[in-house]
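Q: Pasting model29.txt below, which is compact mmCIF, C-alpha atoms.
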# COMPACT_ATOMS: atom_id res chain seq x y z
CA MET A 288 37.00 12.70 5.90
CA ASN A 289 36.21 16.18 7.17
CA ASP A 290 36.68 18.09 3.92
CA PRO A 291 33.21 18.55 2.37
CA ARG A 292 34.70 18.45 -1.14
CA ILE A 293 36.10 14.98 -0.49
CA ILE A 294 32.78 13.85 1.00
CA LEU A 295 30.97 15.16 -2.09
CA ARG A 296 33.37 13.52 -4.51
CA TYR A 297 33.25 10.15 -2.74
CA SER A 298 29.44 10.38 -2.59
CA LEU A 299 29.42 10.84 -6.37
CA VAL A 300 31.81 7.91 -6.81
CA VAL A 301 29.84 5.53 -4.58
CA ILE A 302 26.40 6.46 -5.98
CA GLY A 303 27.74 6.32 -9.55
CA ALA A 304 29.17 2.87 -8.83
CA LEU A 305 25.81 1.72 -7.44
CA VAL A 306 23.93 2.89 -10.53
CA LEU A 307 26.49 1.25 -12.83
CA GLN A 308 26.35 -1.96 -10.79
CA VAL A 309 22.56 -2.16 -11.10
CA SER A 310 22.17 -1.03 -14.70
CA LEU A 311 25.28 -2.43 -16.39
CA PHE A 312 27.61 -4.69 -14.41
CA ALA A 313 24.84 -6.89 -13.01
CA ASP A 314 24.25 -8.07 -16.59
CA LEU A 315 27.90 -8.48 -17.60
CA ARG A 316 28.21 -12.03 -16.38
CA ILE A 317 30.88 -14.64 -16.87
CA LEU A 318 29.68 -18.12 -15.84
CA ASP A 319 26.72 -16.32 -14.23
CA VAL A 320 28.99 -14.22 -11.99
CA HIS A 321 29.18 -10.43 -12.35
CA PRO A 322 31.86 -7.94 -11.18
CA ASP A 323 31.29 -6.30 -7.79
CA VAL A 324 32.12 -2.63 -8.34
CA MET A 325 30.91 -1.60 -4.88
CA LEU A 326 33.57 -3.82 -3.32
CA LEU A 327 36.02 -2.51 -5.93
CA VAL A 328 35.39 1.11 -4.90
CA ALA A 329 35.84 0.18 -1.24
CA VAL A 330 39.20 -1.57 -1.68
CA CYS A 331 40.44 1.11 -4.09
CA ALA A 332 39.62 3.80 -1.52
CA GLY A 333 41.61 1.82 1.06
CA ALA A 334 44.53 1.35 -1.34
CA THR A 335 44.53 5.03 -2.29
CA ALA A 336 43.85 6.83 0.97
CA GLY A 337 44.60 4.45 3.80
CA PRO A 338 42.59 2.50 6.38
CA THR A 339 40.37 5.23 7.83
CA ARG A 340 39.06 6.44 4.49
CA GLY A 341 38.90 2.87 3.22
CA ALA A 342 36.77 1.73 6.16
CA THR A 343 34.43 4.74 5.84
CA VAL A 344 33.97 4.46 2.08
CA GLY A 345 33.70 0.66 2.37
CA PHE A 346 30.98 0.99 5.00
CA ALA A 347 28.98 3.42 2.83
CA ALA A 348 29.41 1.31 -0.33
CA GLY A 349 28.47 -1.86 1.55
CA LEU A 350 25.42 -0.24 3.10
CA LEU A 351 24.14 0.79 -0.34
CA ASN A 352 24.90 -2.72 -1.59
CA ASP A 353 22.85 -4.14 1.29
CA LEU A 354 19.80 -2.38 -0.17
CA LEU A 355 20.06 -4.70 -3.18
CA LEU A 356 21.09 -7.95 -1.55
CA PRO A 357 18.79 -10.50 0.07
CA GLY A 358 20.70 -10.79 3.36
CA ARG A 359 20.57 -8.73 6.52
CA MET A 360 21.14 -4.99 6.36
CA GLY A 361 24.71 -4.21 7.45
CA VAL A 362 26.42 -7.45 6.40
CA ALA A 363 28.05 -6.07 3.24
CA ALA A 364 28.75 -2.80 5.09
CA LEU A 365 30.70 -4.68 7.76
CA ALA A 366 32.49 -6.95 5.26
CA PHE A 367 33.50 -4.09 2.94
CA ALA A 368 34.59 -1.81 5.81
CA LEU A 369 36.83 -4.51 7.33
CA THR A 370 38.25 -5.46 3.92
CA ALA A 371 38.99 -1.87 2.88
CA TYR A 372 40.56 -1.23 6.29
CA GLY A 373 42.84 -4.23 5.79
CA VAL A 374 43.79 -3.09 2.30
CA GLY A 375 44.45 0.41 3.67
CA VAL A 376 46.76 -0.95 6.38
CA ALA A 377 48.63 -3.10 3.84
CA SER A 378 48.89 -0.20 1.42
CA SER A 379 50.18 2.22 4.07
CA THR A 380 53.22 0.00 4.69
CA VAL A 381 54.46 0.94 1.20
CA VAL A 382 55.57 4.56 0.72
CA ARG A 383 54.82 4.91 -3.01
CA PRO A 384 53.27 1.66 -4.22
CA ALA A 385 53.88 0.75 -7.87
CA ARG A 386 50.83 0.22 -10.05
CA TRP A 387 51.15 -3.54 -10.03
CA ILE A 388 51.30 -3.52 -6.21
CA SER A 389 48.09 -1.47 -6.05
CA VAL A 390 46.37 -3.80 -8.55
CA GLY A 391 47.59 -6.80 -6.56
CA LEU A 392 46.23 -5.31 -3.34
CA VAL A 393 42.86 -4.62 -5.01
CA THR A 394 42.73 -8.20 -6.30
CA LEU A 395 43.60 -9.70 -2.92
CA GLY A 396 41.16 -7.32 -1.24
CA SER A 397 38.42 -8.47 -3.61
CA VAL A 398 39.12 -12.10 -2.72
CA GLY A 399 39.03 -11.23 0.98
CA GLY A 400 35.88 -9.12 0.63
CA VAL A 401 33.89 -11.85 -1.10
CA LEU A 402 35.05 -14.50 1.38
CA LEU A 403 34.29 -12.26 4.36
CA TYR A 404 30.83 -11.43 3.02
CA ALA A 405 30.19 -15.15 2.43
CA ALA A 406 31.37 -16.03 5.95
CA LEU A 407 29.26 -13.35 7.65
CA SER A 408 26.18 -14.30 5.60
CA GLN A 409 26.73 -17.96 6.46
CA LEU A 410 26.83 -17.05 10.16
CA LEU A 411 23.48 -15.32 9.71
CA GLY A 412 21.75 -18.31 8.13
CA GLN A 413 22.46 -18.12 4.40
CA SER A 414 24.35 -20.89 2.63
CA THR A 415 26.90 -18.64 0.98
CA LEU A 416 30.12 -20.18 2.28
CA ALA A 417 28.77 -23.62 1.41
CA ASP A 418 27.83 -22.47 -2.09
CA PRO A 419 29.40 -24.93 -4.56
CA ARG A 420 30.16 -21.97 -6.87
CA LEU A 421 32.13 -20.07 -4.20
CA GLY A 422 35.48 -20.65 -5.96
CA GLU A 423 34.08 -19.42 -9.28
CA ILE A 424 32.54 -16.35 -7.62
CA VAL A 425 35.75 -15.43 -5.79
CA GLY A 426 37.91 -15.97 -8.89
CA ILE A 427 35.71 -14.07 -11.33
CA VAL A 428 35.01 -11.12 -9.00
CA ALA A 429 38.73 -10.82 -8.20
CA GLY A 430 39.69 -11.10 -11.89
CA ALA A 431 37.10 -8.57 -13.03
CA ASN A 432 38.06 -6.17 -10.24
CA ALA A 433 41.73 -6.53 -11.19
CA VAL A 434 40.86 -5.50 -14.75
CA LEU A 435 38.85 -2.52 -13.48
CA ALA A 436 41.37 -1.59 -10.77
CA LEU A 437 43.47 1.01 -12.60
CA PRO A 438 40.59 3.29 -13.72
CA THR A 439 38.92 2.94 -10.30
CA LEU A 440 42.18 3.79 -8.50
CA ALA A 441 42.44 6.87 -10.74
CA ILE A 442 38.87 7.86 -9.79
CA CYS A 443 39.69 7.44 -6.09
CA ARG A 444 42.82 9.57 -6.53
CA TRP A 445 40.60 12.24 -8.12
CA ALA A 446 38.24 12.06 -5.13
CA GLU A 447 41.26 12.31 -2.85
CA ARG A 448 43.29 14.88 -4.79
CA ASP A 449 43.53 17.57 -2.07
CA THR A 450 44.99 15.19 0.53
CA MET A 451 47.12 13.44 -2.10
CA ARG A 452 48.82 16.75 -2.92
CA SER A 453 49.76 17.21 0.71
CA GLY A 454 51.00 13.61 0.86
CA LEU A 455 48.58 12.81 3.69
CA ARG A 456 47.28 9.23 4.09
CA ILE A 457 44.83 8.71 6.90
CA MET B 275 54.59 4.21 8.28
CA ARG B 276 51.64 6.04 9.75
CA PRO B 277 52.04 7.90 13.03
CA VAL B 278 50.63 6.38 16.22
CA THR B 279 47.79 8.93 16.49
CA SER B 280 46.67 8.11 12.95
CA ARG B 281 46.67 4.37 13.73
CA ARG B 282 44.66 4.97 16.89
CA ARG B 283 42.17 7.09 15.00
CA SER B 284 41.72 4.52 12.23
CA ARG B 285 41.14 1.75 14.80
CA TYR B 286 38.61 3.92 16.59
CA VAL B 287 36.77 4.63 13.31
CA LEU B 288 36.75 0.91 12.45
CA LEU B 289 35.41 0.04 15.90
CA VAL B 290 32.58 2.56 15.58
CA LEU B 291 31.67 1.36 12.07
CA THR B 292 31.72 -2.26 13.22
CA LEU B 293 29.39 -1.46 16.13
CA VAL B 294 27.02 0.42 13.80
CA ALA B 295 27.00 -2.52 11.35
CA VAL B 296 26.35 -5.07 14.10
CA THR B 297 23.51 -2.88 15.42
CA LEU B 298 21.96 -2.69 11.95
CA ILE B 299 22.23 -6.46 11.49
CA THR B 300 20.61 -7.07 14.88
CA LEU B 301 17.76 -4.63 14.27
CA ASP B 302 17.09 -6.11 10.82
CA ALA B 303 17.13 -9.63 12.25
CA ARG B 304 14.54 -8.57 14.82
CA GLY B 305 12.26 -7.38 12.03
CA VAL B 306 12.39 -3.62 12.50
CA GLY B 307 10.14 -2.35 9.72
CA VAL B 308 12.14 0.73 8.80
CA PHE B 309 14.60 -1.37 6.77
CA ASP B 310 11.84 -2.61 4.46
CA SER B 311 10.74 1.00 3.95
CA VAL B 312 14.30 2.07 3.15
CA ARG B 313 14.74 -0.83 0.71
CA SER B 314 11.38 -0.08 -0.94
CA GLY B 315 12.29 3.59 -1.24
CA SER B 316 15.63 2.73 -2.83
CA ASP B 317 13.83 0.44 -5.32
CA ASP B 318 11.62 3.37 -6.35
CA VAL B 319 14.58 5.70 -6.76
CA LEU B 320 17.06 3.29 -8.33
CA GLY B 321 14.59 1.46 -10.60
CA PRO B 322 13.87 4.23 -13.14
CA VAL B 323 17.50 5.42 -13.14
CA ALA B 324 18.78 1.89 -13.71
CA ASP B 325 16.17 1.32 -16.45
CA GLY B 326 17.28 4.51 -18.22
CA ILE B 327 20.98 3.68 -18.10
CA GLY B 328 20.17 0.04 -18.85
CA TRP B 329 18.40 1.16 -22.04
CA VAL B 330 21.45 3.20 -23.09
CA THR B 331 23.84 0.32 -22.43
CA THR B 332 21.64 -2.37 -24.03
CA PRO B 333 23.79 -2.73 -27.21
CA PHE B 334 26.94 -3.15 -25.11
CA ARG B 335 25.28 -5.68 -22.79
CA ASN B 336 23.85 -7.59 -25.74
CA ALA B 337 27.27 -7.70 -27.38
CA TRP B 338 28.82 -8.95 -24.14
CA ASN B 339 26.18 -11.63 -23.71
CA GLY B 340 26.68 -12.58 -27.35
CA VAL B 341 30.40 -13.10 -26.73
CA THR B 342 30.19 -14.87 -23.37
CA GLY B 343 27.17 -16.96 -24.38
CA TYR B 344 28.45 -17.78 -27.87
CA ASP B 345 28.44 -21.54 -27.35
CA ASP B 346 24.85 -21.48 -26.10
CA LEU B 347 23.82 -19.28 -29.01
CA GLU B 348 25.52 -21.58 -31.48
CA SER B 349 23.83 -24.71 -30.16
CA ARG B 350 20.50 -22.91 -29.98
CA ASN B 351 20.99 -21.70 -33.54
CA ARG B 352 21.66 -25.27 -34.69
CA GLU B 353 18.49 -26.49 -32.97
CA LEU B 354 16.39 -23.72 -34.53
CA GLN B 355 17.91 -24.31 -37.98
CA ALA B 356 17.09 -28.01 -37.78
CA LYS B 357 13.54 -27.21 -36.69
CA LEU B 358 13.15 -24.69 -39.51
CA ASP B 359 14.36 -27.19 -42.10
CA GLU B 360 11.87 -29.70 -40.75
CA LEU B 361 9.01 -27.21 -40.91
CA GLU B 362 9.88 -26.04 -44.41
CA THR B 363 9.95 -29.56 -45.75
CA SER B 364 6.62 -30.43 -44.20
CA GLY B 365 5.01 -27.09 -45.16
CA LEU B 366 3.97 -26.34 -41.63
CA ALA B 367 5.65 -22.95 -41.17
CA GLU B 368 2.41 -21.00 -41.30
CA GLN B 369 0.66 -23.40 -38.97
CA ASN B 370 3.59 -23.09 -36.54
CA ALA B 371 3.37 -19.28 -36.56
CA GLN B 372 -0.33 -19.50 -35.72
CA GLU B 373 0.42 -21.96 -32.94
CA GLN B 374 3.02 -19.58 -31.47
CA LEU B 375 0.54 -16.69 -31.59
CA LYS B 376 -2.02 -18.85 -29.80
CA ARG B 377 0.52 -19.69 -27.08
CA LEU B 378 1.41 -16.04 -26.58
CA ASN B 379 -2.25 -15.26 -26.15
CA GLU B 380 -2.56 -18.10 -23.68
CA GLN B 381 0.22 -16.56 -21.56
CA LEU B 382 -2.20 -13.82 -20.62
CA ASN B 383 -4.99 -16.26 -19.82
CA ILE B 384 -4.13 -18.48 -16.89
CA GLY B 385 -6.94 -20.94 -16.27
CA PHE B 386 -6.18 -21.80 -12.65
CA ALA B 387 -6.52 -18.18 -11.51
CA GLY B 388 -10.33 -18.58 -11.59
CA ASN B 389 -12.10 -15.39 -10.59
CA ILE B 390 -9.09 -13.89 -8.81
CA PRO B 391 -8.13 -10.56 -10.41
CA THR B 392 -4.61 -10.50 -11.79
CA GLN B 393 -1.95 -7.93 -12.59
CA ILE B 394 0.46 -8.55 -15.45
CA ALA B 395 4.04 -7.47 -14.70
CA ARG B 396 7.33 -7.53 -16.54
CA VAL B 397 10.41 -9.04 -14.92
CA SER B 398 12.71 -6.03 -14.69
CA SER B 399 15.82 -7.60 -13.23
CA GLY B 400 17.24 -10.83 -11.95
CA PRO B 401 19.36 -11.38 -8.87
CA PHE B 402 21.93 -8.76 -7.86
CA SER B 403 23.87 -11.18 -5.68
CA ASN B 404 26.46 -13.55 -7.08
CA PHE B 405 25.38 -16.08 -4.49
CA ALA B 406 22.09 -17.99 -4.76
CA ASP B 407 19.42 -15.32 -4.49
CA PHE B 408 15.99 -16.85 -5.27
CA ARG B 409 14.47 -13.44 -5.96
CA LEU B 410 13.52 -11.37 -8.97
CA GLU B 411 12.15 -7.87 -9.41
CA ILE B 412 9.01 -6.92 -11.33
CA ASP B 413 7.94 -3.52 -12.64
CA LYS B 414 4.64 -3.17 -10.75
CA GLY B 415 4.11 -2.16 -7.14
CA SER B 416 1.57 -0.76 -4.72
CA ASP B 417 0.40 1.79 -7.32
CA ALA B 418 -1.01 -1.20 -9.22
CA GLY B 419 -2.68 -2.56 -6.08
CA LEU B 420 -0.03 -5.13 -5.19
CA GLU B 421 0.69 -6.13 -1.59
CA VAL B 422 3.23 -8.27 0.23
CA GLY B 423 2.24 -11.95 0.23
CA MET B 424 0.34 -12.01 -3.06
CA PRO B 425 1.02 -15.13 -5.19
CA VAL B 426 2.91 -14.78 -8.46
CA VAL B 427 2.27 -17.19 -11.32
CA ALA B 428 3.34 -17.56 -14.94
CA ASN B 429 2.67 -19.68 -17.95
CA SER B 430 5.37 -21.92 -19.29
CA SER B 431 5.99 -22.47 -22.96
CA GLY B 432 3.92 -25.43 -24.04
CA GLY B 433 2.54 -26.03 -20.54
CA SER B 434 -0.26 -24.72 -18.43
CA GLY B 435 2.12 -22.77 -16.16
CA GLY B 436 2.14 -22.57 -12.41
CA LEU B 437 3.49 -21.00 -9.27
CA VAL B 438 6.49 -18.66 -9.43
CA GLY B 439 6.53 -17.41 -5.83
CA ARG B 440 5.06 -14.63 -3.76
CA LEU B 441 5.70 -10.93 -3.25
CA SER B 442 8.18 -10.39 -0.43
CA ARG B 443 8.61 -6.62 -0.81
CA VAL B 444 6.45 -4.01 -2.49
CA SER B 445 7.34 -0.41 -3.22
CA LYS B 446 5.30 2.11 -5.21
CA SER B 447 6.45 1.05 -8.65
CA ARG B 448 8.42 -2.16 -8.05
CA SER B 449 8.08 -5.45 -6.22
CA VAL B 450 10.43 -8.25 -5.24
CA VAL B 451 9.27 -11.84 -5.77
CA GLN B 452 10.53 -14.60 -3.50
CA LEU B 453 10.85 -17.61 -5.81
CA ALA B 454 9.31 -20.95 -4.83
CA SER B 455 12.80 -22.47 -5.10
CA ASP B 456 13.95 -20.48 -2.02
CA PRO B 457 14.62 -22.88 0.88
CA ASP B 458 12.73 -20.42 3.12
CA PHE B 459 9.62 -20.68 0.93
CA ILE B 460 7.36 -23.09 2.89
CA LEU B 461 4.00 -24.14 1.52
CA GLY B 462 1.17 -26.63 2.05
CA VAL B 463 0.65 -28.82 -1.02
CA ARG B 464 -1.81 -31.41 -2.35
CA VAL B 465 -1.02 -34.31 -4.68
CA ALA B 466 -3.64 -34.17 -7.43
CA SER B 467 -4.03 -37.89 -8.08
CA SER B 468 -4.36 -39.08 -4.47
CA GLN B 469 -5.47 -35.82 -2.79
CA ASP B 470 -2.81 -36.40 -0.11
CA LEU B 471 -1.78 -33.25 1.76
CA GLY B 472 1.83 -32.41 2.60
CA VAL B 473 4.17 -29.57 3.42
CA GLY B 474 7.20 -28.62 1.38
CA HIS B 475 9.83 -25.98 0.76
CA GLY B 476 12.07 -24.73 -2.02
CA GLY B 477 15.03 -26.97 -2.77
CA GLY B 478 17.52 -24.16 -3.38
CA GLU B 479 20.17 -24.93 -5.97
CA THR B 480 18.53 -28.28 -6.83
CA ASN B 481 15.77 -26.27 -8.59
CA ARG B 482 13.17 -28.66 -7.18
CA PHE B 483 10.38 -28.22 -4.65
CA ILE B 484 10.91 -30.64 -1.75
CA VAL B 485 7.85 -32.12 0.00
CA ASP B 486 9.21 -33.65 3.19
CA ARG B 487 6.30 -33.70 5.61
CA GLN B 488 2.97 -35.53 5.96
CA ILE B 489 3.14 -37.79 2.89
CA ASP B 490 3.03 -41.23 4.56
CA LEU B 491 4.84 -44.28 3.26
CA ASN B 492 1.48 -45.85 2.41
CA ASP B 493 0.23 -42.91 0.36
CA PRO B 494 0.11 -43.89 -3.32
CA VAL B 495 2.22 -41.05 -4.71
CA GLN B 496 4.12 -41.81 -7.92
CA PRO B 497 6.55 -39.91 -10.19
CA GLY B 498 4.52 -37.95 -12.71
CA ASP B 499 1.77 -36.95 -10.25
CA ALA B 500 0.86 -33.26 -10.33
CA VAL B 501 1.41 -31.22 -7.13
CA LEU B 502 -0.83 -28.23 -6.40
CA THR B 503 -1.16 -25.66 -3.64
CA SER B 504 -3.34 -27.10 -0.90
CA GLY B 505 -5.52 -24.05 -0.29
CA LEU B 506 -6.44 -25.07 3.26
CA SER B 507 -8.23 -22.48 5.37
CA ASN B 508 -5.04 -20.89 6.78
CA SER B 509 -2.91 -21.36 3.67
CA VAL B 510 -0.82 -18.50 2.28
CA MET B 511 -1.87 -19.45 -1.27
CA PRO B 512 -5.21 -19.97 -2.99
CA PRO B 513 -5.98 -23.61 -3.88
CA ASP B 514 -5.06 -25.54 -7.03
CA ILE B 515 -2.15 -23.49 -8.37
CA PRO B 516 0.14 -26.03 -10.07
CA ILE B 517 3.59 -26.22 -8.48
CA GLY B 518 4.95 -28.95 -10.69
CA VAL B 519 5.20 -32.68 -11.26
CA VAL B 520 6.70 -35.29 -8.92
CA ASP B 521 10.12 -36.14 -10.29
CA LYS B 522 11.37 -38.57 -7.66
CA VAL B 523 9.89 -40.35 -4.64
CA THR B 524 12.22 -41.43 -1.80
CA PRO B 525 10.81 -43.35 1.17
CA ASP B 526 12.34 -42.34 4.51
CA VAL B 527 11.92 -45.24 6.92
CA ASP B 528 13.17 -43.27 9.93
CA THR B 529 10.50 -40.58 9.70
CA GLN B 530 7.89 -42.82 8.02
CA VAL B 531 7.25 -40.32 5.24
CA LYS B 532 7.90 -40.13 1.52
CA LEU B 533 10.20 -37.35 0.32
CA LEU B 534 9.00 -35.93 -2.98
CA GLN B 535 11.17 -33.98 -5.39
CA VAL B 536 8.87 -31.87 -7.53
CA ARG B 537 10.02 -30.45 -10.88
CA PHE B 538 8.64 -26.92 -11.19
CA ALA B 539 5.99 -26.25 -13.82
CA VAL B 540 7.70 -22.94 -14.62
CA ASP B 541 11.31 -22.40 -15.69
CA PHE B 542 12.36 -19.46 -13.48
CA SER B 543 15.36 -18.65 -15.67
CA GLN B 544 13.14 -17.96 -18.71
CA LEU B 545 10.64 -15.57 -17.16
CA ASP B 546 9.84 -12.35 -18.99
CA VAL B 547 6.26 -11.76 -17.91
CA VAL B 548 4.46 -12.91 -14.75
CA GLN B 549 1.00 -12.42 -13.30
CA VAL B 550 0.34 -11.41 -9.72
CA LEU B 551 -2.87 -12.81 -8.26
CA LYS B 552 -4.56 -10.11 -6.21
CA TRP B 553 -5.37 -12.54 -3.44
CA LYS B 554 -4.50 -12.26 0.23
CA PRO B 555 -4.48 -14.94 2.93
CA ALA B 556 -7.44 -14.90 5.31
CA SER B 557 -5.24 -13.99 8.28
Give the structure from the file, written as C-alpha cells.
A:
Amino acid sequence: MNDPRIILRYSLVVIGALVLQVSLFADLRILDVHPDVMLLVAVCAGATAGPTRGATVGFAAGLLNDLLLPGRMGVAALAFALTAYGVGVASSTVVRPARWISVGLVTLGSVGGVLLYAALSQLLGQSTLADPRLGEIVGIVAGANAVLALPTLAICRWAERDTMRSGLRI
Amino acid sequence: MRPVTSRRRSRYVLLVLTLVAVTLITLDARGVGVFDSVRSGSDDVLGPVADGIGWVTTPFRNAWNGVTGYDDLESRNRELQAKLDELETSGLAEQNAQEQLKRLNEQLNIGFAGNIPTQIARVSSGPFSNFADFRLEIDKGSDAGLEVGMPVVANSSGGSGGLVGRLSRVSKSRSVVQLASDPDFILGVRVASSQDLGVGHGGGETNRFIVDRQIDLNDPVQPGDAVLTSGLSNSVMPPDIPIGVVDKVTPDVDTQVKLLQVRFAVDFSQLDVVQVLKWKPAS
C-alpha cells in the first residue's frame, strides 16, 4: 500500500465505517446483536485486493475497533488482520470471482472473524467463546455482513481503483 | 495464482502485523497507561461526531427498532391500554400524572447520597461489543469534575434506586461506567438486617450480584434482605448504597459459607439518567 491515494481512500473508508458503526449500526440490532462493519471492511479489502492489503486494512480497522471494545488493545486488530489475510488468500485463488463467490467469501470471513476474536478474547480472560449467545452473534453478524457485502465490495474497489485497472492483486 | 515474491511479501507483512498486535496486547495487559489516554482521546473525538450523525439517523433507527421490536411494543401497548382503561374507569388519571411527576422529581433526589456532591449524567450509549460488555458510556467527564473510581448510582422506577457501577475511564467530556454486574466488579457488602459483612462480585449474564465470601452458614441471612455497600475504611465505595435484595440463599457446606444471589435495585437495561457521586476512596 505505497500509493498515497490508496492510503487516503482506505483511511476514509475505515474512519467512515467506524463513525457509522458507532452512530448507526450499533443501534440496528437483531436479537440484541448488531452488524460489525469494521470486520466487513477488513474482509472486503481482503476479497478485493488480496492478502497483503487485507491484512493491513484489517489491522487498522481492528485497532480502531479496539478503542471501543472492552478487551485488550490489539485483539480485534490481530483477529481482523488474520481473517482478512485468509480471505485474501482464498480470493486470490480465483482469477475473476463472481459476485456470489465474493459475497460467500465475505460471509465465511465474517464467521471466521467473529470466532477468532472470541477465541483470542477467551484466551485473554474474557468469556466470549463460552458466551451462550455465540451462535446467534456469529449467525447475525455473518448474515448482516452478507447483506452489506456488495456495496462494501464496491467501496473497496473504489479505494483500490488504480491497482484494479492494472490487474494487480497484492 | 500470485507470484512467489508476492506470497513472501504478504507473509512477511502478516508476521510483522501479528508481532505488533501481540506487543500491543502485552503492553495493555501490563497496564501501560498510554492506552487509556488513547481510548479517552478517541471518546472525546468520536463522541460528538457520533452524537451528530446519531441525531440525523434517529428516525431510521427508531423505525428499525419499531420493526425488530414489534412484538415487545405490541405487548407493552396492550399492558398500557389495560392500565389506561383501569385508570379511566376509576377516575385516577390526574392523580397518576401527579404521581409520575413526583417520581421524576425523585430521580434527581437520591436519599442515600447524603452530603456527597453528585453530577447528573445522561447515558449516551450502550455496549459496542456483541459479546457481554458490562459497560455503558455517559456524557460527562473530567470537565465536570469526574474521576476514575467514582461510584455511579441511579433511581429505579418505583424504588429507591441503588448502585449502577463505578467510573472505569474518564475523558474530558465522556466517561465509561463499569456496571456492577461485571464479574470483575468486586465489592465489600453488608446485609442490612443482620449487619453481616461479605464480599461479592458481579454475576455476569445472570444479572445478579453474587456474594460468595464471609457470610457464614450460621449468619441469619434470608431472601428479601437488603444488601448495601459495606463502606469499611478501605472500601472503594461509600457506605449504605443499596445494591439490591437477596433473591436466593445457597449454603455451601464445603466452604462453610452462604452464597447469596442479589437482585439489583436498578434495571441496567432501562437507564437513561444516572448520578455520579463525587466521592473517592481514601487510598
Q: Can you pull out the residues contacting region 329-333 of chain B? Cut-off 12 Å, using only C-alpha atoms, and skip same-chain residues under 6 positions away; I want them as a CSV table (one decimal) with C-alpha atoms, in the coordinates of the input.
A:
chain,number,residue,atom,x,y,z
A,307,LEU,CA,26.5,1.2,-12.8
A,309,VAL,CA,22.6,-2.2,-11.1
A,310,SER,CA,22.2,-1.0,-14.7
A,311,LEU,CA,25.3,-2.4,-16.4
A,312,PHE,CA,27.6,-4.7,-14.4
A,313,ALA,CA,24.8,-6.9,-13.0
A,314,ASP,CA,24.2,-8.1,-16.6
A,315,LEU,CA,27.9,-8.5,-17.6
B,322,PRO,CA,13.9,4.2,-13.1
B,323,VAL,CA,17.5,5.4,-13.1
B,339,ASN,CA,26.2,-11.6,-23.7
B,340,GLY,CA,26.7,-12.6,-27.4
B,398,SER,CA,12.7,-6.0,-14.7
Q: Skipping near chain neighbours, those fewer than 5 positions away, what residues fall within 9 Å of region 358-369 of chain A using only C-alpha atoms, listed as a PyMOL selection string?
A: (chain A and resi 325-326+329-330+341-353+374+399-405+407-408+411-413) or (chain B and resi 288+291-292+294-303+309)
Q: As an exercise, work out the distance from CA of Ile442 (chain A) to CA of Arg316 (chain A) in Å and give it to one decimal place.
A: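 Result for CA of Ile442 (chain A) versus CA of Arg316 (chain A): 23.5 Å, one decimal.
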Q: Smallest atom-to-atom distance to Val422 (chain B): which of B:Asp310, B:Asp490, B:Asp458, B:Asp499, using all atoms listed in the file?
A: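 Nearest candidate to Val422 (chain B) out of B:Asp310, B:Asp490, B:Asp458, B:Asp499: B:Asp310.
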Q: Skip Arg443 (chain B) itself and residues of its chain fewer than 3 positions away, then list as JSON, numbers by chain all residues within 10 Å of it, counting only C-alpha atoms.
A: {"B": [310, 311, 313, 314, 317, 411, 415, 416, 420, 421, 422, 423, 440, 448, 449, 450, 451, 452]}
Q: What is the distance between CA of Tyr372 (chain A) and CA of Arg340 (chain A), in Å to one decimal?
A: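 For CA of Tyr372 (chain A) relative to CA of Arg340 (chain A), the distance reads 8.0 Å.
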Q: Residues at most 8 Å from Thr394 (chain A), counting only C-alpha atoms, excluding those fewer than 3 positions away in the same chain, as a list in words?
A: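 Contacts, in chain order: Val390, Gly391, Ser397, Val398, Ala429, Gly430, Asn432 and Ala433 of chain A.
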Q: May I have the residues within 12 Å of region 294-296 of chain A as a list in words, using only C-alpha atoms and disregarding those fewer than 4 positions away in the same chain?
A: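 Listed by chain and then number, they are Met288, Asn289, Asp290, Val300, Val301, Ile302, Gly303, Ala332, Arg340, Thr343, Val344, Ala347, Ile442, Cys443, Arg444, Trp445, Ala446, Glu447, Arg448 and Asp449 of chain A.
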Q: Please dump the current selection as a PDB file, in the frame of the given file; keep C-alpha atoms.
A:
ATOM      1  CA  MET A 288      37.000  12.700   5.900  1.00  0.00           C
ATOM      2  CA  ASN A 289      36.210  16.180   7.170  1.00  0.00           C
ATOM      3  CA  ASP A 290      36.680  18.090   3.920  1.00  0.00           C
ATOM      4  CA  VAL A 300      31.810   7.910  -6.810  1.00  0.00           C
ATOM      5  CA  VAL A 301      29.840   5.530  -4.580  1.00  0.00           C
ATOM      6  CA  ILE A 302      26.400   6.460  -5.980  1.00  0.00           C
ATOM      7  CA  GLY A 303      27.740   6.320  -9.550  1.00  0.00           C
ATOM      8  CA  ALA A 332      39.620   3.800  -1.520  1.00  0.00           C
ATOM      9  CA  ARG A 340      39.060   6.440   4.490  1.00  0.00           C
ATOM     10  CA  THR A 343      34.430   4.740   5.840  1.00  0.00           C
ATOM     11  CA  VAL A 344      33.970   4.460   2.080  1.00  0.00           C
ATOM     12  CA  ALA A 347      28.980   3.420   2.830  1.00  0.00           C
ATOM     13  CA  ILE A 442      38.870   7.860  -9.790  1.00  0.00           C
ATOM     14  CA  CYS A 443      39.690   7.440  -6.090  1.00  0.00           C
ATOM     15  CA  ARG A 444      42.820   9.570  -6.530  1.00  0.00           C
ATOM     16  CA  TRP A 445      40.600  12.240  -8.120  1.00  0.00           C
ATOM     17  CA  ALA A 446      38.240  12.060  -5.130  1.00  0.00           C
ATOM     18  CA  GLU A 447      41.260  12.310  -2.850  1.00  0.00           C
ATOM     19  CA  ARG A 448      43.290  14.880  -4.790  1.00  0.00           C
ATOM     20  CA  ASP A 449      43.530  17.570  -2.070  1.00  0.00           C
TER      21      ASP A 449
END
Q: With all atoms listed in the file counted, which protein, DNA or RNA residues have an atom no more than 12 Å from (8.3, -39.6, 12.1) in the file frame? Please answer as a list of chain:residue names.
A: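 Collected hits near the coordinates: B:Asp486, B:Arg487, B:Gln488, B:Ile489, B:Asp490, B:Leu491, B:Pro525, B:Asp526, B:Val527, B:Asp528, B:Thr529, B:Gln530, B:Val531, B:Lys532.
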Q: For a quick check of your reading of the model, name the residues lying within 12 Å of the coordinate (-10.7, -17.6, 9.5), counting only C-alpha atoms, and write them as number ranges by chain.
A: B: 506-509, 555-557
Q: For CA of Ile293 (chain A) and CA of His321 (chain A), quote the distance in Å rounded to one decimal.
A: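 Computed distance, CA of Ile293 (chain A) to CA of His321 (chain A), equals 28.9 Å.
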Q: Under the rule that only C-alpha atoms are counted, which of A:Ala334, A:Val306, A:Ala436, A:Ala417 is the nearest residue to chain B?
A: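 Among A:Ala334, A:Val306, A:Ala436, A:Ala417, it is A:Val306 that comes nearest to chain B.
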